[in-house]
Amino acid sequence: MLRTAEITAELTGPLGGDNSHQLHWSSKLEFSVDCFICERTGRTTVYERGAERALCSGSRSGFRSHYTAGRIAAYDTTSGSERLALRALVDFWWAPFEDVKDGRRGLAPTSHPWVRLNLRHYCPKTKESGTNSIQTNLVRPYELRCAHCESLMATDAAAPAIRLVT
């Protein structure tokens with residue numbers, strides 16, 4: 001059956017001005033789902049905006065990464081001088097199964113949903129681009145700093161929210 005999860009996140013801070021790092025959301029995200037193809041629970045699955053399928057990580061013990069039925073159905077961003085927000089709808093297929101390794105029942109969404117949201121930026125001091133990310137299991141508040149000049153780019157005050165829509 002087709003399931004849809006809504007993922008939302010918001011960053012705050014000094015996003016504009018002379019020290020602006022042009023911080024913006026990347027088109028790729030990682031989301032944990034229970035994969036009915038490899039029959040493993042809690043797999044990290046990589047979604048890319050515009051792609052027709054997602055990539056399941058498989059597992060460290062014998063199962064290799066593989067494509068799975070999933071896509072980013074909607075991807076909306078909002079930015080201002082002190083706020084950067086994201087709302088993504090992620091579609092994924094799911095069917096009942098038992099984990100082949102530990103016998104746990106697969107769920108939609110997984111019992112401990114997790115997401116990593118990727119960001120890109122451009123450092124005005126060093127004239128270099130860079131990447132950063134936030135994820136649900138970071139200690140908050142989390143400060144995003146430029147790897148090139150150590151400037152504070154934004155603050156992540158609350159974990160990204162994951163809500164099963166259908």
# chains A, B, ... in the order shown; residues from 1 in each chain; ligands from 1
$ residues_around --residues "Ile134 in chain A" --least-positions-apart "4" --cutoff "12 Å" --atoms "only C-alpha atoms" --output "PDB file with N, CA and C atoms, in the first residue's frame"
ATOM      1  N   THR A   8       8.612  18.179   8.159  1.00  0.00           N
ATOM      2  CA  THR A   8       8.741  19.635   8.251  1.00  0.00           C
ATOM      3  C   THR A   8       9.933  19.986   9.142  1.00  0.00           C
ATOM      4  N   ALA A   9      10.580  21.100   8.824  1.00  0.00           N
ATOM      5  CA  ALA A   9      11.714  21.576   9.619  1.00  0.00           C
ATOM      6  C   ALA A   9      11.821  23.080   9.467  1.00  0.00           C
ATOM      7  N   GLU A  10      12.435  23.711  10.473  1.00  0.00           N
ATOM      8  CA  GLU A  10      12.622  25.155  10.429  1.00  0.00           C
ATOM      9  C   GLU A  10      13.943  25.518  11.090  1.00  0.00           C
ATOM     10  N   LEU A  11      14.675  26.397  10.427  1.00  0.00           N
ATOM     11  CA  LEU A  11      15.909  26.951  10.973  1.00  0.00           C
ATOM     12  C   LEU A  11      15.695  28.444  11.192  1.00  0.00           C
ATOM     13  N   TRP A  25      18.060  24.507   1.359  1.00  0.00           N
ATOM     14  CA  TRP A  25      17.843  23.068   1.475  1.00  0.00           C
ATOM     15  C   TRP A  25      18.333  22.355   0.220  1.00  0.00           C
ATOM     16  N   SER A  26      18.970  21.224   0.387  1.00  0.00           N
ATOM     17  CA  SER A  26      19.389  20.376  -0.724  1.00  0.00           C
ATOM     18  C   SER A  26      18.191  19.565  -1.200  1.00  0.00           C
ATOM     19  N   LEU A  29      17.153  13.932   0.742  1.00  0.00           N
ATOM     20  CA  LEU A  29      16.917  13.681   2.159  1.00  0.00           C
ATOM     21  C   LEU A  29      17.015  12.190   2.428  1.00  0.00           C
ATOM     22  N   GLU A  30      17.271  11.850   3.686  1.00  0.00           N
ATOM     23  CA  GLU A  30      17.343  10.461   4.110  1.00  0.00           C
ATOM     24  C   GLU A  30      16.277  10.243   5.167  1.00  0.00           C
ATOM     25  N   LEU A  86      11.155  24.081   5.606  1.00  0.00           N
ATOM     26  CA  LEU A  86      10.993  23.032   4.607  1.00  0.00           C
ATOM     27  C   LEU A  86       9.762  22.205   4.941  1.00  0.00           C
ATOM     28  N   TRP A 114      13.114   8.478  11.606  1.00  0.00           N
ATOM     29  CA  TRP A 114      14.309   9.315  11.647  1.00  0.00           C
ATOM     30  C   TRP A 114      14.462   9.974  10.287  1.00  0.00           C
ATOM     31  N   VAL A 115      14.948  11.198  10.262  1.00  0.00           N
ATOM     32  CA  VAL A 115      15.177  11.885   8.989  1.00  0.00           C
ATOM     33  C   VAL A 115      16.438  12.736   9.087  1.00  0.00           C
ATOM     34  N   ARG A 116      17.169  12.813   7.966  1.00  0.00           N
ATOM     35  CA  ARG A 116      18.295  13.740   7.829  1.00  0.00           C
ATOM     36  C   ARG A 116      17.984  14.642   6.637  1.00  0.00           C
ATOM     37  N   LEU A 117      18.059  15.946   6.865  1.00  0.00           N
ATOM     38  CA  LEU A 117      17.803  16.937   5.826  1.00  0.00           C
ATOM     39  C   LEU A 117      19.112  17.635   5.501  1.00  0.00           C
ATOM     40  N   ASN A 118      19.450  17.666   4.244  1.00  0.00           N
ATOM     41  CA  ASN A 118      20.732  18.214   3.802  1.00  0.00           C
ATOM     42  C   ASN A 118      20.585  19.668   3.366  1.00  0.00           C
ATOM     43  N   LEU A 119      21.645  20.432   3.590  1.00  0.00           N
ATOM     44  CA  LEU A 119      21.684  21.846   3.228  1.00  0.00           C
ATOM     45  C   LEU A 119      22.957  22.145   2.444  1.00  0.00           C
ATOM     46  N   ARG A 120      22.890  23.218   1.668  1.00  0.00           N
ATOM     47  CA  ARG A 120      24.057  23.713   0.930  1.00  0.00           C
ATOM     48  C   ARG A 120      24.230  25.191   1.262  1.00  0.00           C
ATOM     49  N   LEU A 138      19.678  14.917  16.827  1.00  0.00           N
ATOM     50  CA  LEU A 138      20.697  15.852  17.318  1.00  0.00           C
ATOM     51  C   LEU A 138      20.246  16.466  18.641  1.00  0.00           C
ATOM     52  N   VAL A 139      21.207  16.892  19.446  1.00  0.00           N
ATOM     53  CA  VAL A 139      20.892  17.628  20.669  1.00  0.00           C
ATOM     54  C   VAL A 139      20.527  19.046  20.252  1.00  0.00           C
ATOM     55  N   ARG A 140      19.395  19.543  20.746  1.00  0.00           N
ATOM     56  CA  ARG A 140      18.910  20.872  20.410  1.00  0.00           C
ATOM     57  C   ARG A 140      19.161  21.830  21.565  1.00  0.00           C
ATOM     58  N   PRO A 141      19.361  23.106  21.308  1.00  0.00           N
ATOM     59  CA  PRO A 141      19.476  23.713  19.985  1.00  0.00           C
ATOM     60  C   PRO A 141      20.804  23.334  19.347  1.00  0.00           C
ATOM     61  N   TYR A 142      20.782  23.212  18.026  1.00  0.00           N
ATOM     62  CA  TYR A 142      21.962  22.846  17.247  1.00  0.00           C
ATOM     63  C   TYR A 142      22.345  24.029  16.364  1.00  0.00           C
ATOM     64  N   GLU A 143      23.589  24.443  16.429  1.00  0.00           N
ATOM     65  CA  GLU A 143      24.052  25.581  15.635  1.00  0.00           C
ATOM     66  C   GLU A 143      24.740  25.080  14.373  1.00  0.00           C
ATOM     67  N   LEU A 144      24.285  25.550  13.228  1.00  0.00           N
ATOM     68  CA  LEU A 144      24.926  25.229  11.957  1.00  0.00           C
ATOM     69  C   LEU A 144      25.997  26.272  11.711  1.00  0.00           C
ATOM     70  N   ARG A 145      27.241  25.832  11.629  1.00  0.00           N
ATOM     71  CA  ARG A 145      28.369  26.725  11.420  1.00  0.00           C
ATOM     72  C   ARG A 145      29.054  26.390  10.102  1.00  0.00           C
ATOM     73  N   ALA A 154      22.884  29.394  11.039  1.00  0.00           N
ATOM     74  CA  ALA A 154      21.496  29.251  11.482  1.00  0.00           C
ATOM     75  C   ALA A 154      21.471  28.403  12.749  1.00  0.00           C
ATOM     76  N   THR A 155      20.308  28.402  13.409  1.00  0.00           N
ATOM     77  CA  THR A 155      20.092  27.576  14.586  1.00  0.00           C
ATOM     78  C   THR A 155      18.915  26.654  14.340  1.00  0.00           C
ATOM     79  N   ASP A 156      19.087  25.403  14.715  1.00  0.00           N
ATOM     80  CA  ASP A 156      18.037  24.393  14.623  1.00  0.00           C
ATOM     81  C   ASP A 156      17.515  24.177  16.050  1.00  0.00           C
ATOM     82  N   ALA A 157      16.388  24.821  16.375  1.00  0.00           N
ATOM     83  CA  ALA A 157      15.875  24.794  17.742  1.00  0.00           C
ATOM     84  C   ALA A 157      14.988  23.586  18.045  1.00  0.00           C
ATOM     85  N   ALA A 158      14.368  23.010  17.019  1.00  0.00           N
ATOM     86  CA  ALA A 158      13.456  21.878  17.224  1.00  0.00           C
ATOM     87  C   ALA A 158      13.716  20.808  16.169  1.00  0.00           C
ATOM     88  N   ALA A 159      13.579  19.565  16.562  1.00  0.00           N
ATOM     89  CA  ALA A 159      13.810  18.443  15.644  1.00  0.00           C
ATOM     90  C   ALA A 159      12.818  18.485  14.486  1.00  0.00           C
ATOM     91  N   PRO A 160      13.244  18.039  13.299  1.00  0.00           N
ATOM     92  CA  PRO A 160      12.292  17.931  12.192  1.00  0.00           C
ATOM     93  C   PRO A 160      11.112  17.041  12.591  1.00  0.00           C
ATOM     94  N   ALA A 161       9.932  17.424  12.171  1.00  0.00           N
ATOM     95  CA  ALA A 161       8.719  16.667  12.518  1.00  0.00           C
ATOM     96  C   ALA A 161       8.403  15.682  11.390  1.00  0.00           C
TER      97      ALA A 161
END
$ select_by_dssp --residues "range 3-117 of chain A" --states "strand (DSSP E)" --output "JSON list (two decimals) with N, CA, C and O atoms, in the first residue's frame"
[["chain", "number", "residue", "atom", "x", "y", "z"],
["A", 3, "ARG", "N", 1.97, 4.76, 1.22],
["A", 3, "ARG", "CA", 1.94, 5.58, 2.44],
["A", 3, "ARG", "C", 2.61, 6.92, 2.12],
["A", 3, "ARG", "O", 3.51, 6.98, 1.28],
["A", 4, "THR", "N", 2.20, 7.97, 2.81],
["A", 4, "THR", "CA", 2.80, 9.29, 2.64],
["A", 4, "THR", "C", 3.14, 9.87, 4.00],
["A", 4, "THR", "O", 2.32, 9.85, 4.92],
["A", 5, "ALA", "N", 4.36, 10.36, 4.13],
["A", 5, "ALA", "CA", 4.81, 11.01, 5.35],
["A", 5, "ALA", "C", 5.10, 12.47, 5.04],
["A", 5, "ALA", "O", 5.66, 12.80, 4.00],
["A", 6, "GLU", "N", 4.70, 13.34, 5.97],
["A", 6, "GLU", "CA", 5.01, 14.76, 5.86],
["A", 6, "GLU", "C", 6.20, 15.05, 6.78],
["A", 6, "GLU", "O", 6.18, 14.69, 7.95],
["A", 7, "ILE", "N", 7.21, 15.70, 6.23],
["A", 7, "ILE", "CA", 8.41, 16.06, 6.99],
["A", 7, "ILE", "C", 8.52, 17.58, 6.98],
["A", 7, "ILE", "O", 8.50, 18.19, 5.91],
["A", 8, "THR", "N", 8.61, 18.18, 8.16],
["A", 8, "THR", "CA", 8.74, 19.63, 8.25],
["A", 8, "THR", "C", 9.93, 19.99, 9.14],
["A", 8, "THR", "O", 10.25, 19.26, 10.09],
["A", 9, "ALA", "N", 10.58, 21.10, 8.82],
["A", 9, "ALA", "CA", 11.71, 21.58, 9.62],
["A", 9, "ALA", "C", 11.82, 23.08, 9.47],
["A", 9, "ALA", "O", 11.37, 23.65, 8.47],
["A", 10, "GLU", "N", 12.44, 23.71, 10.47],
["A", 10, "GLU", "CA", 12.62, 25.15, 10.43],
["A", 10, "GLU", "C", 13.94, 25.52, 11.09],
["A", 10, "GLU", "O", 14.26, 25.02, 12.17],
["A", 11, "LEU", "N", 14.68, 26.40, 10.43],
["A", 11, "LEU", "CA", 15.91, 26.95, 10.97],
["A", 11, "LEU", "C", 15.70, 28.44, 11.19],
["A", 11, "LEU", "O", 14.96, 29.08, 10.44],
["A", 12, "THR", "N", 16.34, 28.99, 12.21],
["A", 12, "THR", "CA", 16.22, 30.42, 12.50],
["A", 12, "THR", "C", 17.61, 31.01, 12.66],
["A", 12, "THR", "O", 18.59, 30.29, 12.79],
["A", 24, "HIS", "N", 20.57, 27.08, 1.88],
["A", 24, "HIS", "CA", 19.34, 26.56, 1.27],
["A", 24, "HIS", "C", 19.28, 25.04, 1.39],
["A", 24, "HIS", "O", 20.31, 24.38, 1.54],
["A", 25, "TRP", "N", 18.06, 24.51, 1.36],
["A", 25, "TRP", "CA", 17.84, 23.07, 1.48],
["A", 25, "TRP", "C", 18.33, 22.36, 0.22],
["A", 25, "TRP", "O", 18.11, 22.81, -0.90],
["A", 26, "SER", "N", 18.97, 21.22, 0.39],
["A", 26, "SER", "CA", 19.39, 20.38, -0.72],
["A", 26, "SER", "C", 18.19, 19.56, -1.20],
["A", 26, "SER", "O", 17.21, 19.39, -0.48],
["A", 27, "SER", "N", 18.26, 19.03, -2.40],
["A", 27, "SER", "CA", 17.14, 18.26, -2.96],
["A", 27, "SER", "C", 17.14, 16.81, -2.49],
["A", 27, "SER", "O", 16.30, 16.02, -2.90],
["A", 28, "LYS", "N", 18.08, 16.44, -1.63],
["A", 28, "LYS", "CA", 18.19, 15.07, -1.15],
["A", 28, "LYS", "C", 17.87, 14.99, 0.33],
["A", 28, "LYS", "O", 18.25, 15.87, 1.10],
["A", 29, "LEU", "N", 17.15, 13.93, 0.74],
["A", 29, "LEU", "CA", 16.92, 13.68, 2.16],
["A", 29, "LEU", "C", 17.01, 12.19, 2.43],
["A", 29, "LEU", "O", 16.87, 11.37, 1.53],
["A", 30, "GLU", "N", 17.27, 11.85, 3.69],
["A", 30, "GLU", "CA", 17.34, 10.46, 4.11],
["A", 30, "GLU", "C", 16.28, 10.24, 5.17],
["A", 30, "GLU", "O", 16.13, 11.05, 6.08],
["A", 31, "PHE", "N", 15.53, 9.14, 5.02],
["A", 31, "PHE", "CA", 14.37, 8.88, 5.86],
["A", 31, "PHE", "C", 14.35, 7.38, 6.20],
["A", 31, "PHE", "O", 14.57, 6.56, 5.32],
["A", 32, "SER", "N", 14.11, 7.05, 7.46],
["A", 32, "SER", "CA", 14.09, 5.64, 7.84],
["A", 32, "SER", "C", 12.71, 5.05, 7.60],
["A", 32, "SER", "O", 11.69, 5.63, 7.98],
["A", 33, "VAL", "N", 12.68, 3.92, 6.92],
["A", 33, "VAL", "CA", 11.44, 3.17, 6.69],
["A", 33, "VAL", "C", 11.72, 1.69, 6.90],
["A", 33, "VAL", "O", 12.86, 1.25, 6.86],
["A", 34, "ASP", "N", 10.67, 0.92, 7.10],
["A", 34, "ASP", "CA", 10.77, -0.53, 7.14],
["A", 34, "ASP", "C", 10.59, -1.01, 5.70],
["A", 34, "ASP", "O", 9.56, -0.75, 5.08],
["A", 35, "CYS", "N", 11.61, -1.68, 5.16],
["A", 35, "CYS", "CA", 11.63, -2.03, 3.73],
["A", 35, "CYS", "C", 11.07, -3.43, 3.50],
["A", 35, "CYS", "O", 11.65, -4.42, 3.95],
["A", 40, "ARG", "N", 13.67, -5.77, 6.02],
["A", 40, "ARG", "CA", 14.42, -5.30, 7.18],
["A", 40, "ARG", "C", 13.76, -4.04, 7.72],
["A", 40, "ARG", "O", 13.27, -3.21, 6.97],
["A", 41, "THR", "N", 13.75, -3.92, 9.04],
["A", 41, "THR", "CA", 13.16, -2.75, 9.68],
["A", 41, "THR", "C", 14.20, -1.65, 9.86],
["A", 41, "THR", "O", 15.39, -1.92, 9.95],
["A", 42, "GLY", "N", 13.73, -0.40, 9.89],
["A", 42, "GLY", "CA", 14.58, 0.75, 10.18],
["A", 42, "GLY", "C", 15.69, 1.00, 9.18],
["A", 42, "GLY", "O", 16.79, 1.39, 9.57],
["A", 43, "ARG", "N", 15.42, 0.84, 7.91],
["A", 43, "ARG", "CA", 16.44, 1.07, 6.87],
["A", 43, "ARG", "C", 16.52, 2.55, 6.52],
["A", 43, "ARG", "O", 15.50, 3.21, 6.36],
["A", 44, "THR", "N", 17.71, 3.07, 6.37],
["A", 44, "THR", "CA", 17.89, 4.43, 5.88],
["A", 44, "THR", "C", 17.66, 4.41, 4.37],
["A", 44, "THR", "O", 18.31, 3.66, 3.66],
["A", 45, "THR", "N", 16.71, 5.22, 3.92],
["A", 45, "THR", "CA", 16.36, 5.28, 2.51],
["A", 45, "THR", "C", 16.63, 6.69, 2.00],
["A", 45, "THR", "O", 16.23, 7.66, 2.62],
["A", 46, "VAL", "N", 17.31, 6.79, 0.87],
["A", 46, "VAL", "CA", 17.70, 8.07, 0.29],
["A", 46, "VAL", "C", 16.70, 8.46, -0.79],
["A", 46, "VAL", "O", 16.44, 7.69, -1.71],
["A", 47, "TYR", "N", 16.14, 9.66, -0.64],
["A", 47, "TYR", "CA", 15.18, 10.22, -1.59],
["A", 47, "TYR", "C", 15.80, 11.45, -2.23],
["A", 47, "TYR", "O", 16.41, 12.26, -1.56],
["A", 48, "GLU", "N", 15.62, 11.58, -3.54],
["A", 48, "GLU", "CA", 16.12, 12.74, -4.28],
["A", 48, "GLU", "C", 14.94, 13.36, -5.01],
["A", 48, "GLU", "O", 14.19, 12.67, -5.69],
["A", 54, "ALA", "N", 13.57, 5.45, -4.80],
["A", 54, "ALA", "CA", 14.48, 5.76, -3.70],
["A", 54, "ALA", "C", 15.51, 4.64, -3.58],
["A", 54, "ALA", "O", 15.37, 3.59, -4.21],
["A", 55, "LEU", "N", 16.53, 4.86, -2.76],
["A", 55, "LEU", "CA", 17.58, 3.87, -2.57],
["A", 55, "LEU", "C", 17.61, 3.44, -1.11],
["A", 55, "LEU", "O", 17.87, 4.25, -0.23],
["A", 56, "CYS", "N", 17.31, 2.15, -0.87],
["A", 56, "CYS", "CA", 17.35, 1.58, 0.48],
["A", 56, "CYS", "C", 18.78, 1.17, 0.79],
["A", 56, "CYS", "O", 19.47, 0.60, -0.05],
["A", 66, "HIS", "N", 19.65, -1.29, -2.49],
["A", 66, "HIS", "CA", 18.80, -1.60, -3.64],
["A", 66, "HIS", "C", 17.79, -0.48, -3.82],
["A", 66, "HIS", "O", 17.51, 0.29, -2.89],
["A", 67, "TYR", "N", 17.23, -0.40, -5.02],
["A", 67, "TYR", "CA", 16.18, 0.57, -5.27],
["A", 67, "TYR", "C", 14.88, 0.08, -4.65],
["A", 67, "TYR", "O", 14.65, -1.12, -4.52],
["A", 68, "THR", "N", 14.04, 1.04, -4.27],
["A", 68, "THR", "CA", 12.74, 0.72, -3.70],
["A", 68, "THR", "C", 11.71, 1.74, -4.20],
["A", 68, "THR", "O", 12.08, 2.81, -4.70],
["A", 70, "GLY", "N", 9.63, 4.58, -3.89],
["A", 70, "GLY", "CA", 9.51, 5.75, -3.04],
["A", 70, "GLY", "C", 9.92, 6.98, -3.81],
["A", 70, "GLY", "O", 10.74, 6.91, -4.73],
["A", 71, "ARG", "N", 9.34, 8.13, -3.43],
["A", 71, "ARG", "CA", 9.69, 9.38, -4.10],
["A", 71, "ARG", "C", 9.29, 10.56, -3.24],
["A", 71, "ARG", "O", 8.48, 10.42, -2.32],
["A", 72, "ILE", "N", 9.87, 11.71, -3.53],
["A", 72, "ILE", "CA", 9.45, 12.96, -2.91],
["A", 72, "ILE", "C", 8.30, 13.48, -3.76],
["A", 72, "ILE", "O", 8.48, 13.83, -4.92],
["A", 73, "ALA", "N", 7.09, 13.48, -3.20],
["A", 73, "ALA", "CA", 5.90, 13.89, -3.94],
["A", 73, "ALA", "C", 5.72, 15.40, -3.95],
["A", 73, "ALA", "O", 5.16, 15.96, -4.90],
["A", 74, "ALA", "N", 6.17, 16.09, -2.91],
["A", 74, "ALA", "CA", 6.08, 17.55, -2.84],
["A", 74, "ALA", "C", 7.26, 18.05, -2.03],
["A", 74, "ALA", "O", 7.72, 17.37, -1.09],
["A", 75, "TYR", "N", 7.75, 19.24, -2.39],
["A", 75, "TYR", "CA", 8.93, 19.78, -1.73],
["A", 75, "TYR", "C", 8.82, 21.30, -1.77],
["A", 75, "TYR", "O", 8.99, 21.92, -2.81],
["A", 76, "ASP", "N", 8.48, 21.90, -0.64],
["A", 76, "ASP", "CA", 8.27, 23.35, -0.56],
["A", 76, "ASP", "C", 9.23, 23.95, 0.45],
["A", 76, "ASP", "O", 9.37, 23.44, 1.56],
["A", 77, "THR", "N", 9.86, 25.06, 0.07],
["A", 77, "THR", "CA", 10.74, 25.77, 0.98],
["A", 77, "THR", "C", 10.29, 27.21, 1.11],
["A", 77, "THR", "O", 9.72, 27.78, 0.18],
["A", 78, "THR", "N", 10.55, 27.78, 2.27],
["A", 78, "THR", "CA", 10.26, 29.18, 2.54],
["A", 78, "THR", "C", 11.51, 29.77, 3.17],
["A", 78, "THR", "O", 12.11, 29.16, 4.05],
["A", 79, "SER", "N", 11.91, 30.95, 2.71],
["A", 79, "SER", "CA", 13.09, 31.57, 3.30],
["A", 79, "SER", "C", 12.84, 33.06, 3.51],
["A", 79, "SER", "O", 12.07, 33.69, 2.80],
["A", 83, "ARG", "N", 14.43, 33.15, 8.87],
["A", 83, "ARG", "CA", 13.74, 31.86, 8.92],
["A", 83, "ARG", "C", 13.95, 31.11, 7.61],
["A", 83, "ARG", "O", 13.86, 31.68, 6.53],
["A", 84, "LEU", "N", 14.22, 29.81, 7.72],
["A", 84, "LEU", "CA", 14.35, 28.92, 6.57],
["A", 84, "LEU", "C", 13.54, 27.66, 6.90],
["A", 84, "LEU", "O", 13.86, 26.97, 7.87],
["A", 85, "ALA", "N", 12.48, 27.40, 6.14],
["A", 85, "ALA", "CA", 11.60, 26.29, 6.46],
["A", 85, "ALA", "C", 11.49, 25.33, 5.28],
["A", 85, "ALA", "O", 11.66, 25.71, 4.12],
["A", 86, "LEU", "N", 11.16, 24.08, 5.61],
["A", 86, "LEU", "CA", 10.99, 23.03, 4.61],
["A", 86, "LEU", "C", 9.76, 22.21, 4.94],
["A", 86, "LEU", "O", 9.49, 21.92, 6.11],
["A", 87, "ARG", "N", 9.01, 21.83, 3.91],
["A", 87, "ARG", "CA", 7.90, 20.89, 4.03],
["A", 87, "ARG", "C", 8.01, 19.94, 2.85],
["A", 87, "ARG", "O", 7.99, 20.36, 1.70],
["A", 88, "ALA", "N", 8.17, 18.65, 3.14],
["A", 88, "ALA", "CA", 8.28, 17.64, 2.09],
["A", 88, "ALA", "C", 7.26, 16.54, 2.34],
["A", 88, "ALA", "O", 7.02, 16.15, 3.48],
["A", 89, "LEU", "N", 6.64, 16.07, 1.26],
["A", 89, "LEU", "CA", 5.78, 14.90, 1.32],
["A", 89, "LEU", "C", 6.54, 13.76, 0.66],
["A", 89, "LEU", "O", 6.97, 13.88, -0.50],
["A", 90, "VAL", "N", 6.71, 12.66, 1.39],
["A", 90, "VAL", "CA", 7.46, 11.51, 0.89],
["A", 90, "VAL", "C", 6.50, 10.34, 0.74],
["A", 90, "VAL", "O", 5.86, 9.92, 1.71],
["A", 91, "ASP", "N", 6.38, 9.83, -0.49],
["A", 91, "ASP", "CA", 5.58, 8.64, -0.77],
["A", 91, "ASP", "C", 6.48, 7.42, -0.70],
["A", 91, "ASP", "O", 7.60, 7.44, -1.22],
["A", 92, "PHE", "N", 5.98, 6.35, -0.08],
["A", 92, "PHE", "CA", 6.72, 5.08, -0.09],
["A", 92, "PHE", "C", 5.72, 3.93, -0.05],
["A", 92, "PHE", "O", 4.65, 4.04, 0.53],
["A", 93, "TRP", "N", 6.10, 2.83, -0.72],
["A", 93, "TRP", "CA", 5.26, 1.64, -0.70],
["A", 93, "TRP", "C", 5.64, 0.80, 0.49],
["A", 93, "TRP", "O", 6.80, 0.72, 0.88],
["A", 115, "VAL", "N", 14.95, 11.20, 10.26],
["A", 115, "VAL", "CA", 15.18, 11.89, 8.99],
["A", 115, "VAL", "C", 16.44, 12.74, 9.09],
["A", 115, "VAL", "O", 16.76, 13.26, 10.16],
["A", 116, "ARG", "N", 17.17, 12.81, 7.97],
["A", 116, "ARG", "CA", 18.29, 13.74, 7.83],
["A", 116, "ARG", "C", 17.98, 14.64, 6.64],
["A", 116, "ARG", "O", 17.68, 14.16, 5.54],
["A", 117, "LEU", "N", 18.06, 15.95, 6.87],
["A", 117, "LEU", "CA", 17.80, 16.94, 5.83],
["A", 117, "LEU", "C", 19.11, 17.63, 5.50],
["A", 117, "LEU", "O", 19.80, 18.12, 6.40]]
$ closest_residue --among "A:Gly13, A:Ala51, A:Ser20, A:Met1" --to "Phe36 in chain A" --atoms "only C-alpha atoms"
A:Met1
$ residues_around --residues "Cys149 in chain A" --least-positions-apart "5" --cutoff "9 Å" --atoms "only C-alpha atoms" --output "PDB file with N, CA and C atoms, in the first residue's frame"
ATOM      1  N   CYS A 123      30.186  30.256   1.212  1.00  0.00           N
ATOM      2  CA  CYS A 123      30.878  31.109   2.174  1.00  0.00           C
ATOM      3  C   CYS A 123      31.374  32.381   1.474  1.00  0.00           C
ATOM      4  N   LYS A 125      33.294  34.671   2.715  1.00  0.00           N
ATOM      5  CA  LYS A 125      34.667  35.021   3.117  1.00  0.00           C
ATOM      6  C   LYS A 125      35.703  34.231   2.325  1.00  0.00           C
ATOM      7  N   THR A 126      35.474  32.923   2.155  1.00  0.00           N
ATOM      8  CA  THR A 126      36.462  32.073   1.487  1.00  0.00           C
ATOM      9  C   THR A 126      36.099  31.787   0.031  1.00  0.00           C
TER      10      THR A 126
END
$ residues_around --residues "Lys127 in chain A" --least-positions-apart "3" --cutoff "12 Å" --atoms "only C-alpha atoms" --output "MDAnalysis selection string"
chainID A and resid 19:22 121:124 130 146 148:149
$ atom_distance --atom1 "CA of Ala95 in chain A" --atom2 "CA of Leu2 in chain A"
8.8 Å
$ atom_distance --atom1 "CA of Met153 in chain A" --atom2 "CA of Gly50 in chain A"
27.3 Å
